[in-house]
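As provided, model.txt (compact mmCIF, C-alpha atoms) reads as follows.
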```
# COMPACT_ATOMS: atom_id res chain seq x y z
CA MET A 746 126.72 93.87 -58.17
CA LEU A 747 130.22 93.41 -56.77
CA ARG A 748 130.35 89.93 -58.29
CA SER A 749 129.32 91.30 -61.71
CA CYS A 750 132.00 94.01 -61.52
CA CYS A 751 134.67 91.44 -60.62
CA ALA A 752 133.54 89.15 -63.47
CA LEU A 753 133.72 92.07 -65.93
CA LEU A 754 137.18 93.02 -64.69
CA VAL A 755 138.44 89.44 -65.06
CA ALA A 756 136.93 89.23 -68.57
CA VAL A 757 138.65 92.47 -69.60
CA MET A 758 142.01 91.30 -68.27
CA ALA A 759 141.66 87.87 -69.84
CA ALA A 760 140.58 89.16 -73.24
CA ALA A 761 143.30 91.70 -73.73
CA LEU A 762 147.05 91.48 -73.93
CA PRO A 763 149.05 93.21 -71.23
CA ALA A 764 151.31 96.08 -72.22
CA ALA A 765 154.73 96.66 -70.73
CA ALA A 766 154.35 99.70 -68.55
CA GLN A 767 156.98 102.29 -67.80
CA GLU A 768 155.33 104.05 -64.92
CA ARG A 769 156.65 106.61 -62.48
CA PRO A 770 156.77 105.44 -58.86
CA TYR A 771 154.58 108.31 -57.65
CA PHE A 772 151.51 107.89 -55.47
CA VAL A 773 150.32 111.49 -55.22
CA THR A 774 152.21 113.47 -57.85
CA TYR A 775 151.14 113.39 -61.49
CA SER A 776 153.75 113.62 -64.21
CA HIS A 777 153.06 115.09 -67.66
CA GLU A 778 153.21 111.61 -69.20
CA MET A 779 149.80 110.58 -70.47
CA GLU A 780 148.29 107.13 -70.94
CA GLU A 781 148.97 105.81 -74.44
CA PRO A 782 145.85 106.22 -76.61
CA GLY A 783 143.67 103.11 -76.56
CA ASN A 784 145.36 101.60 -73.48
CA LEU A 785 143.54 100.96 -70.22
CA GLU A 786 145.48 100.93 -66.99
CA ILE A 787 143.92 99.35 -63.91
CA GLU A 788 145.59 100.47 -60.70
CA VAL A 789 145.12 99.75 -57.02
CA PHE A 790 146.86 102.11 -54.60
CA ASN A 791 146.82 101.71 -50.83
CA ALA A 792 147.96 103.80 -47.91
CA VAL A 793 148.43 102.36 -44.43
CA GLY A 794 148.98 104.59 -41.41
CA LYS A 795 148.22 105.14 -37.77
CA PRO A 796 147.69 108.47 -36.08
CA PRO A 797 149.10 108.60 -32.51
CA ALA A 798 146.49 107.28 -30.07
CA GLY A 799 144.17 106.60 -33.01
CA ASN A 800 143.19 103.56 -35.02
CA ARG A 801 145.29 102.11 -37.81
CA PHE A 802 143.70 102.59 -41.25
CA LEU A 803 144.05 101.36 -44.81
CA GLY A 804 142.81 103.70 -47.52
CA SER A 805 142.45 102.21 -50.97
CA THR A 806 141.79 103.50 -54.47
CA THR A 807 141.00 101.47 -57.58
CA GLU A 808 141.62 103.42 -60.75
CA PHE A 809 140.71 102.91 -64.39
CA GLU A 810 142.85 105.12 -66.56
CA TYR A 811 142.18 105.29 -70.29
CA GLY A 812 144.08 107.11 -73.01
CA LEU A 813 141.43 108.76 -75.18
CA LYS A 814 143.97 110.70 -77.25
CA ALA A 815 147.70 111.18 -77.05
CA TRP A 816 146.91 114.53 -75.36
CA TRP A 817 143.86 113.49 -73.31
CA THR A 818 143.65 110.91 -70.52
CA SER A 819 140.53 110.16 -68.52
CA GLU A 820 140.43 108.33 -65.21
CA PHE A 821 137.72 106.96 -62.93
CA TYR A 822 138.43 106.13 -59.29
CA LEU A 823 136.58 104.09 -56.68
CA ASP A 824 137.69 104.74 -53.10
CA GLY A 825 137.29 102.78 -49.88
CA GLN A 826 138.89 102.45 -46.48
CA THR A 827 139.17 100.18 -43.48
CA THR A 828 139.72 101.53 -39.99
CA TRP A 829 140.73 99.06 -37.29
CA HIS A 830 138.21 98.84 -34.39
CA ASP A 831 135.71 100.72 -36.56
CA SER A 832 134.46 99.65 -40.02
CA THR A 833 135.17 99.11 -43.70
CA ILE A 834 133.36 101.49 -46.01
CA PHE A 835 133.09 102.60 -49.62
CA THR A 836 134.05 106.26 -49.52
CA GLY A 837 133.09 107.48 -52.97
CA TYR A 838 134.22 108.04 -56.53
CA ARG A 839 136.20 110.51 -58.60
CA TRP A 840 136.39 111.26 -62.28
CA GLU A 841 139.27 113.22 -63.71
CA ASN A 842 140.50 114.34 -67.09
CA ARG A 843 144.00 115.48 -68.00
CA PHE A 844 144.74 117.58 -71.05
CA ARG A 845 148.08 118.38 -72.55
CA PRO A 846 147.75 121.78 -74.25
CA LEU A 847 151.19 121.83 -75.91
CA LEU A 848 151.50 118.99 -78.38
CA ARG A 849 155.29 118.79 -78.34
CA GLU A 850 157.89 118.05 -75.70
CA HIS A 851 159.36 121.17 -74.04
CA ARG A 852 161.71 121.76 -71.13
CA ILE A 853 158.63 122.19 -68.93
CA ASN A 854 155.42 120.55 -70.09
CA PRO A 855 152.11 121.74 -68.64
CA VAL A 856 149.07 119.51 -68.19
CA ILE A 857 145.65 120.74 -67.07
CA TYR A 858 143.85 118.43 -64.63
CA VAL A 859 140.13 118.69 -63.87
CA GLU A 860 138.43 116.38 -61.38
CA PHE A 861 135.01 115.96 -59.83
CA GLU A 862 134.86 113.93 -56.67
CA ASN A 863 132.06 112.77 -54.46
CA THR A 864 133.63 111.29 -51.34
CA SER A 865 133.30 111.12 -47.59
CA ALA A 866 135.57 109.74 -44.85
CA ASP A 867 138.33 109.30 -47.44
CA LYS A 868 141.65 108.01 -46.09
CA ALA A 869 143.43 107.14 -49.33
CA LEU A 870 145.30 110.47 -49.18
CA ARG A 871 145.62 110.80 -52.95
CA GLU A 872 146.18 114.49 -52.37
CA VAL A 873 146.56 116.76 -49.37
CA VAL A 874 144.97 120.20 -49.56
CA GLY A 875 143.93 123.01 -47.23
CA HIS A 876 144.10 122.00 -43.59
CA ASP A 877 143.84 118.24 -44.16
CA GLY A 878 145.73 116.58 -41.36
CA ARG A 879 145.89 114.32 -38.37
CA PRO A 880 142.59 115.45 -36.69
CA ASP A 881 140.60 114.10 -39.68
CA PHE A 882 141.74 110.58 -38.82
CA TYR A 883 140.23 110.58 -35.31
CA VAL A 884 136.66 111.05 -36.54
CA PRO A 885 134.70 107.73 -36.43
CA ASN A 886 133.59 106.45 -39.83
CA ALA A 887 129.88 106.72 -39.01
CA GLU A 888 130.31 110.42 -38.30
CA ALA A 889 132.76 111.14 -41.12
CA ARG A 890 130.48 109.48 -43.69
CA ALA A 891 127.78 112.05 -43.02
CA ASP A 892 130.08 114.79 -44.27
CA LYS A 893 129.68 114.42 -48.06
CA GLU A 894 132.36 116.20 -50.04
CA ARG A 895 131.36 117.07 -53.58
CA GLU A 896 134.43 118.83 -54.84
CA LEU A 897 135.93 120.28 -57.97
CA GLU A 898 139.68 119.91 -58.11
CA LEU A 899 141.98 121.67 -60.52
CA LYS A 900 145.68 120.96 -60.91
CA LEU A 901 148.41 122.51 -62.92
CA ILE A 902 150.87 119.71 -63.62
CA LEU A 903 154.34 120.66 -64.79
CA GLY A 904 156.71 117.95 -65.90
CA SER A 905 160.17 117.67 -67.41
CA ASN A 906 162.18 114.74 -68.70
CA PHE A 907 165.90 115.40 -68.77
CA ARG A 908 168.70 112.86 -69.11
CA GLY A 909 166.52 110.07 -67.82
CA TRP A 910 165.23 112.09 -64.88
CA ASN A 911 161.61 113.08 -64.51
CA LEU A 912 160.78 116.14 -62.42
CA SER A 913 157.12 116.81 -61.71
CA GLU A 914 155.39 119.63 -59.87
CA ASN A 915 151.67 119.82 -59.13
CA PHE A 916 149.82 122.90 -57.90
CA ILE A 917 146.38 122.02 -56.56
CA ALA A 918 143.25 124.12 -56.03
CA GLU A 919 140.16 122.38 -54.68
CA LYS A 920 136.67 123.75 -54.10
CA ASN A 921 133.93 122.07 -52.15
CA LEU A 922 130.82 122.78 -54.19
CA ALA A 923 128.99 123.58 -50.97
CA ASN A 924 129.80 126.96 -49.49
CA ALA A 925 133.47 126.45 -48.60
CA PRO A 926 136.60 128.35 -49.57
CA TRP A 927 139.14 127.21 -52.16
CA GLU A 928 141.83 124.99 -50.65
CA PHE A 929 145.35 124.67 -51.95
CA GLY A 930 148.10 122.08 -52.00
CA TYR A 931 151.22 120.97 -53.78
CA ALA A 932 153.10 117.82 -54.76
CA LEU A 933 156.67 117.47 -56.03
CA ALA A 934 158.51 114.40 -57.24
CA ALA A 935 161.60 113.22 -59.06
CA SER A 936 162.51 109.78 -60.37
CA ARG A 937 164.82 107.91 -62.71
CA ALA A 938 165.22 104.35 -63.96
CA LEU A 939 168.24 102.68 -62.36
CA LYS A 940 169.61 102.04 -65.87
CA LEU A 941 168.62 103.98 -68.96
CA ALA A 942 169.67 101.64 -71.77
CA ALA A 943 167.70 98.43 -72.31
CA SER A 944 169.37 95.03 -72.07
CA ALA A 945 169.90 93.00 -75.22
CA HIS A 946 168.11 90.03 -73.61
CA LYS A 947 164.70 89.84 -72.01
CA CYS A 948 165.03 90.08 -68.24
CA SER A 949 162.80 90.45 -65.23
CA PHE A 950 164.99 91.96 -62.55
CA CYS A 951 167.43 94.05 -64.55
CA ARG A 952 168.02 97.60 -63.45
CA GLU A 953 166.06 99.27 -66.27
CA LYS A 954 162.91 97.63 -64.87
CA LEU A 955 163.38 99.44 -61.56
CA MET A 956 162.58 103.09 -61.10
CA ALA A 957 163.41 105.03 -57.95
CA GLY A 958 162.74 108.52 -56.75
CA ALA A 959 161.27 110.67 -54.03
CA GLU A 960 158.00 112.45 -53.45
CA MET A 961 156.89 115.35 -51.26
CA TYR A 962 153.42 116.81 -50.87
CA GLY A 963 151.27 118.81 -48.50
CA GLY A 964 148.58 121.40 -47.92
CA LEU A 965 148.88 125.15 -48.37
CA GLY A 966 145.84 126.37 -46.45
CA ASP A 967 142.80 127.96 -48.00
CA TRP A 968 141.52 131.19 -49.50
CA HIS A 969 141.21 132.80 -46.05
CA GLY A 970 144.56 131.60 -44.75
CA PHE A 971 147.11 130.68 -47.38
CA GLY A 972 150.32 129.21 -46.00
CA THR A 973 151.65 126.29 -44.03
CA ARG A 974 149.98 126.95 -40.66
CA LEU A 975 147.92 123.90 -39.56
CA THR A 976 148.80 121.93 -42.68
CA SER A 977 150.33 118.48 -43.08
CA HIS A 978 153.32 117.56 -45.22
CA TYR A 979 154.91 114.26 -46.22
CA LEU A 980 158.20 113.20 -47.76
CA GLY A 981 159.53 109.80 -48.74
CA PRO A 982 161.43 107.68 -51.21
CA ALA A 983 159.53 105.66 -53.80
CA ILE A 984 160.42 102.67 -55.95
CA ASN A 985 158.65 100.53 -58.51
CA TRP A 986 159.33 97.41 -60.54
CA SER A 987 157.88 96.74 -63.98
CA ALA A 988 157.26 93.01 -64.14
CA PRO A 989 157.25 91.25 -67.52
CA SER A 990 153.58 90.32 -67.13
CA GLY A 991 152.56 93.95 -67.68
CA MET A 992 152.20 94.59 -63.96
CA THR A 993 154.02 97.28 -62.02
CA PHE A 994 154.52 97.06 -58.27
CA SER A 995 155.18 100.27 -56.32
CA PHE A 996 156.17 100.98 -52.74
CA SER A 997 156.85 104.11 -50.76
CA PRO A 998 157.36 104.69 -47.04
CA GLN A 999 156.48 108.31 -46.31
CA PHE A 1000 157.12 110.42 -43.26
CA GLY A 1001 155.06 113.24 -41.78
CA LEU A 1002 157.13 116.39 -41.56
CA ASN A 1003 155.26 118.07 -38.70
CA ASP A 1004 152.97 117.28 -35.76
CA TYR A 1005 149.88 117.91 -37.90
CA SER A 1006 150.78 114.98 -40.18
CA ILE A 1007 150.43 111.21 -39.70
CA PRO A 1008 153.93 110.20 -38.53
CA ARG A 1009 154.40 107.39 -41.05
CA LEU A 1010 152.51 106.21 -44.13
CA TYR A 1011 153.25 103.06 -46.06
CA ARG A 1012 152.01 103.16 -49.60
CA PHE A 1013 151.92 100.26 -52.00
CA GLY A 1014 150.27 99.76 -55.34
CA VAL A 1015 149.81 97.45 -58.30
CA GLN A 1016 149.23 98.62 -61.86
CA TYR A 1017 148.22 96.52 -64.84
CA GLU A 1018 148.16 97.96 -68.31
CA VAL A 1019 145.96 96.48 -71.03
CA GLU A 1020 146.93 97.44 -74.56
CA GLN A 1021 144.49 98.69 -77.21
CA ILE A 1022 141.49 97.37 -75.34
CA VAL A 1023 138.70 98.82 -77.51
CA ASN A 1024 140.27 97.66 -80.79
CA ARG A 1025 140.74 94.20 -79.36
CA PHE A 1026 137.07 93.86 -78.45
CA ARG A 1027 136.04 95.39 -81.78
CA ARG A 1028 138.08 92.78 -83.66
CA GLY A 1029 136.66 90.10 -81.37
CA GLU A 1030 140.11 88.81 -80.43
CA MET B 536 121.22 121.15 -111.25
CA LYS B 537 120.78 119.43 -107.90
CA ARG B 538 122.86 116.46 -109.09
CA ALA B 539 125.65 118.83 -110.16
CA ARG B 540 125.69 120.42 -106.71
CA VAL B 541 125.88 117.04 -105.02
CA TRP B 542 128.74 116.05 -107.39
CA LEU B 543 130.57 119.34 -106.72
CA PHE B 544 130.13 118.92 -102.96
CA THR B 545 131.35 115.31 -103.05
CA MET B 546 134.39 116.21 -105.12
CA THR B 547 135.25 119.13 -102.81
CA VAL B 548 135.05 116.88 -99.74
CA LEU B 549 137.17 114.23 -101.47
CA MET B 550 139.78 116.78 -102.52
CA LEU B 551 139.95 118.23 -99.02
CA ALA B 552 140.31 114.73 -97.57
CA VAL B 553 143.10 113.86 -100.02
CA LEU B 554 144.78 117.19 -99.24
CA ALA B 555 144.46 116.63 -95.50
CA PHE B 556 145.94 113.13 -95.70
CA GLY B 557 148.63 114.37 -98.07
CA VAL B 558 149.63 117.12 -95.66
CA ALA B 559 149.51 114.80 -92.65
CA ASP B 560 151.44 112.01 -94.31
CA GLY B 561 154.97 112.65 -93.14
CA SER B 562 154.31 116.33 -92.49
CA TRP B 563 156.03 115.99 -89.12
CA MET B 564 159.36 115.80 -90.96
CA ARG B 565 159.02 119.43 -91.98
CA HIS B 566 158.97 120.49 -88.34
CA VAL B 567 162.23 118.82 -87.37
CA PRO B 568 164.84 121.51 -86.55
CA ALA B 569 168.07 121.32 -88.55
CA LYS B 570 170.21 120.42 -85.52
CA ASP B 571 167.91 117.51 -84.68
CA HIS B 572 167.82 116.40 -88.33
CA GLU B 573 171.62 116.12 -88.31
CA ARG B 574 171.93 114.15 -85.07
CA LYS B 575 173.91 110.91 -85.15
CA ASN B 576 172.91 107.65 -83.49
CA PRO B 577 175.48 106.74 -80.80
CA TYR B 578 174.44 103.07 -81.11
CA ASP B 579 174.71 102.92 -84.89
CA GLY B 580 175.64 99.43 -86.12
CA GLN B 581 175.84 97.84 -82.64
CA ALA B 582 174.30 94.36 -82.60
CA ASP B 583 173.42 94.62 -78.91
CA ALA B 584 171.52 97.83 -79.56
CA VAL B 585 169.51 96.14 -82.33
CA ALA B 586 168.57 93.30 -79.96
CA ALA B 587 167.70 95.73 -77.14
CA GLY B 588 165.77 97.95 -79.55
CA ARG B 589 163.72 94.98 -80.71
CA ILE B 590 162.70 94.28 -77.10
CA VAL B 591 161.79 97.92 -76.41
CA PHE B 592 159.87 98.02 -79.69
CA SER B 593 157.97 94.87 -78.77
CA ASP B 594 157.15 96.29 -75.32
CA HIS B 595 155.99 99.73 -76.36
CA CYS B 596 155.52 100.16 -80.12
CA ALA B 597 154.24 96.83 -81.44
CA GLN B 598 150.78 97.30 -79.92
CA CYS B 599 150.08 100.02 -82.53
CA HIS B 600 152.56 99.40 -85.34
CA GLY B 601 152.40 95.60 -85.34
CA GLU B 602 154.85 93.03 -84.02
CA ASN B 603 156.92 93.26 -87.22
CA ALA B 604 156.43 97.01 -87.66
CA GLN B 605 154.28 96.29 -90.70
CA GLY B 606 151.58 98.70 -89.48
CA THR B 607 147.97 98.07 -88.54
CA LYS B 608 144.63 99.25 -89.84
CA LYS B 609 145.00 102.73 -88.34
CA ARG B 610 148.74 103.02 -87.69
CA PRO B 611 151.47 103.31 -90.32
CA SER B 612 154.07 100.75 -91.28
CA LEU B 613 157.56 101.57 -90.07
CA ARG B 614 159.04 99.65 -92.99
CA SER B 615 157.93 102.37 -95.40
CA ALA B 616 160.35 104.27 -97.64
CA ARG B 617 159.63 107.40 -95.56
CA ILE B 618 160.93 105.82 -92.37
CA GLN B 619 163.67 103.69 -93.92
CA GLN B 620 165.09 106.11 -96.51
CA GLU B 621 163.72 109.65 -96.25
CA ALA B 622 163.88 110.13 -92.48
CA THR B 623 167.30 110.48 -90.87
CA VAL B 624 167.97 108.90 -87.49
CA GLY B 625 167.81 112.44 -86.11
CA ASP B 626 164.32 112.91 -87.57
CA LEU B 627 163.15 109.67 -85.95
CA HIS B 628 164.67 110.66 -82.60
CA TRP B 629 162.81 113.98 -82.79
CA LEU B 630 159.55 112.16 -83.61
CA LEU B 631 159.90 109.72 -80.72
CA VAL B 632 160.72 112.48 -78.22
CA ASN B 633 157.94 114.84 -79.36
CA GLY B 634 155.36 112.44 -80.70
CA ASN B 635 152.77 113.50 -83.24
CA MET B 636 150.02 113.91 -80.68
CA GLY B 637 147.45 115.43 -82.99
CA ARG B 638 147.57 112.18 -84.98
CA GLY B 639 147.71 109.73 -82.08
CA MET B 640 151.45 109.21 -81.70
CA PRO B 641 152.41 109.87 -78.06
CA SER B 642 155.69 111.33 -76.86
CA TRP B 643 158.13 108.63 -75.75
CA SER B 644 160.48 110.95 -73.90
CA LYS B 645 159.84 108.85 -70.79
CA LEU B 646 161.95 106.06 -72.27
CA GLY B 647 165.06 108.23 -72.15
CA ASP B 648 167.58 108.84 -74.93
CA PRO B 649 169.43 105.48 -74.78
CA GLN B 650 166.27 103.40 -75.30
CA ILE B 651 165.01 105.75 -78.00
CA TRP B 652 168.29 105.38 -79.90
CA GLN B 653 168.15 101.60 -79.44
CA VAL B 654 164.66 101.49 -81.00
CA ILE B 655 165.88 103.60 -83.93
CA THR B 656 168.88 101.29 -84.39
CA TYR B 657 166.45 98.36 -84.62
CA LEU B 658 164.02 100.19 -86.94
CA LYS B 659 166.79 101.03 -89.40
CA THR B 660 167.58 97.32 -89.81
CA LEU B 661 164.09 96.56 -91.12
CA SER B 662 163.64 96.05 -94.81
CA PRO B 663 160.70 97.67 -96.65
```

Could you express the structure from this file as structure tokens?
Amino acid sequence: MLRSCCALLVAVMAAALPAAAQERPYFVTYSHEMEEPGNLEIEVFNAVGKPPAGNRFLGSTTEFEYGLKAWWTSEFYLDGQTTWHDSTIFTGYRWENRFRPLLREHRINPVIYVEFENTSADKALREVVGHDGRPDFYVPNAEARADKERELELKLILGSNFRGWNLSENFIAEKNLANAPWEFGYALAASRALKLAASAHKCSFCREKLMAGAEMYGGLGDWHGFGTRLTSHYLGPAINWSAPSGMTFSFSPQFGLNDYSIPRLYRFGVQYEVEQIVNRFRRGE
Amino acid sequence: MKRARVWLFTMTVLMLAVLAFGVADGSWMRHVPAKDHERKNPYDGQADAVAAGRIVFSDHCAQCHGENAQGTKKRPSLRSARIQQEATVGDLHWLLVNGNMGRGMPSWSKLGDPQIWQVITYLKTLSP
């Protein structure tokens, strides 16, 4: 099965031309910028961390993001994690859709995000909600796997592009479909290309190919206890580089802002954008 | 009688389709505010901007509009009279910032103003 999936992935990447991406260097925060219609973006994001007196872990997400319309992006995620001195496990899947209700660019652009996830023992930290925090990382995988989380997640994404800067704010509400209260969280980010104008010659390491910024996110408790008590929060710089091959490499060291957080997280990711994938297969190119 | 109804129905559908395409074809230009319509291109006539615009176009626009902006099966040519003569540089800037999302054209505000103006500088050098 895994071999078939890998073969399919390689076939897709070989058959289609890469597109030059201009991605934000965010790992948790969503901006209002949608995937271009017809393009498929394949992304792998990782988070490495170590809770004090706990085992080091690597949480990983593989994402397939497709632009269905200019105002509608759909994304499918496969999650897994490795915990040192424990095990490597597949932790589940997610499926999300983002809709842009206003079809023009405004000072603040809202996007509605709806996600269903079926995960357990997740350590990819693609969002922090409720009372997610350091204690979750001490539970052995065998025990954590038994706790299936079938959740509905809603986000209000607000984004602005102004003079080359992107400012993005996410407000998160998540509901375990079992009998559990709504949980809340937030994510904020800002970024800018190091140079706004393009160079007159093709280049790989020029400043317009580098984007830098910062990201902050955390939990806001739940329906019974909204606030920052027993919640974790992270802050860190982020940078990415758009390579000429259509790949984007991202990196972000992030720091826990209180004792309930993992002290340090190192995030890194690779994105590869394939242009007009359906049309290309339809034309048999 | 039945044949007449079928003919009437077919003609109505065809007329609506023609009307819909007619309205959609360049209808975005009617939405451009006057101050955007009048905007000037700060890179106008700069050879470097044409070269940079060609690269940005190749990276982001060619996948839909073709490598030479000649258009593809579903996406319009950017060498048309509408783009080359009717639309001002301000109109094109407005279109690139806002997109025409209902018809598949995304917003390119993420490129930032300098790159958008560079693409427009390049587009305006193309002959129909």

**Asked** Do you know which residues lie at most 8 Å from (159.2, 93.1, -59.5), with coordinates as in the file and all atoms listed in the file counted, and could you write them as a PyMOL selection string?
**Response** chain A and resi 949-950+954-955+985-988+993-994

Could you give me, as a tab-separated table, a per-residue list for chain B showing, wherever an atom lies at most 6 Å from an atom of chain A, the closest pair of atoms and their distance in Å to one decimal, using all atoms listed in the file and sorting by chain then residue number from low to high?
```
residue	atom	partner	partner_atom	distance
B:Asp583	CA	A:Ala945	CA	5.4
B:Ala586	CA	A:Ala945	CA	4.9
B:Ala587	CA	A:Ala945	CA	4.0
B:Asp594	CA	A:Ala765	CA	5.2
B:Asn633	CA	A:Arg849	CA	4.9
B:Met636	CA	A:Ala815	CA	5.1
B:Gly639	CA	A:Ala815	CA	5.2
B:Pro641	CA	A:Ala815	CA	5.0
B:Gly647	CA	A:Gly909	CA	4.9
B:Pro649	CA	A:Ala942	CA	4.9
B:Gln650	CA	A:Ala942	CA	5.2
```

Could you please take those selected residues and save C-alpha atoms as a PDB file, keeping the file's coordinate frame?
```
ATOM      1  CA  ASP B 583     173.420  94.620 -78.910  1.00  0.00           C
ATOM      2  CA  ALA B 586     168.570  93.300 -79.960  1.00  0.00           C
ATOM      3  CA  ALA B 587     167.700  95.730 -77.140  1.00  0.00           C
ATOM      4  CA  ASP B 594     157.150  96.290 -75.320  1.00  0.00           C
ATOM      5  CA  ASN B 633     157.940 114.840 -79.360  1.00  0.00           C
ATOM      6  CA  MET B 636     150.020 113.910 -80.680  1.00  0.00           C
ATOM      7  CA  GLY B 639     147.710 109.730 -82.080  1.00  0.00           C
ATOM      8  CA  PRO B 641     152.410 109.870 -78.060  1.00  0.00           C
ATOM      9  CA  GLY B 647     165.060 108.230 -72.150  1.00  0.00           C
ATOM     10  CA  PRO B 649     169.430 105.480 -74.780  1.00  0.00           C
ATOM     11  CA  GLN B 650     166.270 103.400 -75.300  1.00  0.00           C
TER      12      GLN B 650
END
```

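You will find atom CA of B:Ile655 at 16.7 Å from atom CA of B:Trp563.
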
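Computed from the coordinates, the atom CA of B:Gln581 to atom CA of B:Asp648 distance equals 15.8 Å.
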
**Message:** Please list as a list in words every residue within 10 Å of B:Arg617, counting only C-alpha atoms and excluding residues in the same chain fewer than 4 positions away.
**Reply:**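 Close residues of B:Arg617: Asp560, Gly561, Met564, Ser612, Leu613, Glu621, Ala622, Thr623 and Pro663 of chain B.
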
**Message:** Can you tell me which residues surround B:Asn576 at a distance of at most 10 Å, considering only C-alpha atoms, apart from same-chain residues fewer than 4 positions away, and format the answer as an MDAnalysis selection string?
**Reply:** chainID B and resid 580 623:625 628 649 651:653 655:656

**Request:** Within 6 Å of A:Tyr1017, counting all atoms listed in the file, which residues show up once you throw out same-chain ones fewer than 6 positions away? Write them as a list in words, please.
**Result:**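 The contact residues come out as Glu786, Ile787, Gly991 and Met992 of chain A.
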
**Interatomic distance (Å, one decimal) between atom CA of A:Asn886 and atom CA of A:Asp867** = 9.4 Å

Hey, can I get the axis-aligned box for stretch 974-992 of chain A? All listed atoms, 8 Å padding on each side, centre and edge lengths in Å to one decimal, as lines of an AutoDock Vina configuration file.
```
center_x = 154.7
center_y = 108.6
center_z = -53.6
size_x = 29.5
size_y = 52.6
size_z = 44.1
```

Close residues, stretch 788-798 of chain A itself excluded, 8 Å, only C-alpha atoms, min 3 positions apart in chain, as a compact mmCIF listing (two decimals) with C-alpha atoms, in the frame of the given file:
```txt
# COMPACT_ATOMS: atom_id res chain seq x y z
CA PHE A 772 151.51 107.89 -55.47
CA ARG A 801 145.29 102.11 -37.81
CA PHE A 802 143.70 102.59 -41.25
CA LEU A 803 144.05 101.36 -44.81
CA GLY A 804 142.81 103.70 -47.52
CA SER A 805 142.45 102.21 -50.97
CA THR A 806 141.79 103.50 -54.47
CA THR A 807 141.00 101.47 -57.58
CA GLU A 808 141.62 103.42 -60.75
CA PHE A 809 140.71 102.91 -64.39
CA GLU A 810 142.85 105.12 -66.56
CA LYS A 868 141.65 108.01 -46.09
CA ALA A 869 143.43 107.14 -49.33
CA LEU A 870 145.30 110.47 -49.18
CA ARG A 879 145.89 114.32 -38.37
CA PHE A 882 141.74 110.58 -38.82
CA TYR A 883 140.23 110.58 -35.31
CA ILE A 1007 150.43 111.21 -39.70
CA PRO A 1008 153.93 110.20 -38.53
CA ARG A 1009 154.40 107.39 -41.05
CA LEU A 1010 152.51 106.21 -44.13
CA TYR A 1011 153.25 103.06 -46.06
CA ARG A 1012 152.01 103.16 -49.60
CA PHE A 1013 151.92 100.26 -52.00
CA GLY A 1014 150.27 99.76 -55.34
CA VAL A 1015 149.81 97.45 -58.30
CA GLN A 1016 149.23 98.62 -61.86
CA TYR A 1017 148.22 96.52 -64.84
```

**Request:** Counting all atoms listed in the file, figure out which residue out of B:Val654, B:Pro568, B:Ser562, B:Arg574 gets nearest to B:Cys596.
**Result:** B:Val654

**Asked** Looking at only C-alpha atoms, which of B:Leu661, B:Trp629, B:Thr607, B:Gly601 is the one that sits closest to B:Asp571?
**Response** B:Trp629

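Restricting the calculation to all atoms listed in the file, the smallest distance between A:Leu897 and any of A:Cys951, A:Val884, A:Val859, A:Ala959 is found for A:Val859.
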
**Message:** For a quick check of understanding, using all atoms listed in the file, which of A:Phe861, A:Trp927, A:Phe916, A:Trp829 has the smallest distance to A:Glu896?
**Reply:** A:Phe861

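Taking all atoms listed in the file into account, A:Gly904 lies nearest to A:Asn854 out of the set A:Gln999, A:Asn854, A:Asn842, A:Ser1006.
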
**Asked** Contacts of stretch 604-606 of chain B at 12 Å or less, counting only C-alpha atoms, minus same-chain residues fewer than 6 places along, as a ChimeraX atom specification?
**Response** /B:589,592-593,595-598,612-615,618-619,654,657-663

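Residue nearest A:Ala932 within the list A:Ser913, A:Thr973, A:Asn863, A:Thr836: A:Ser913 [criterion: smallest interatomic distance, all atoms listed in the file].
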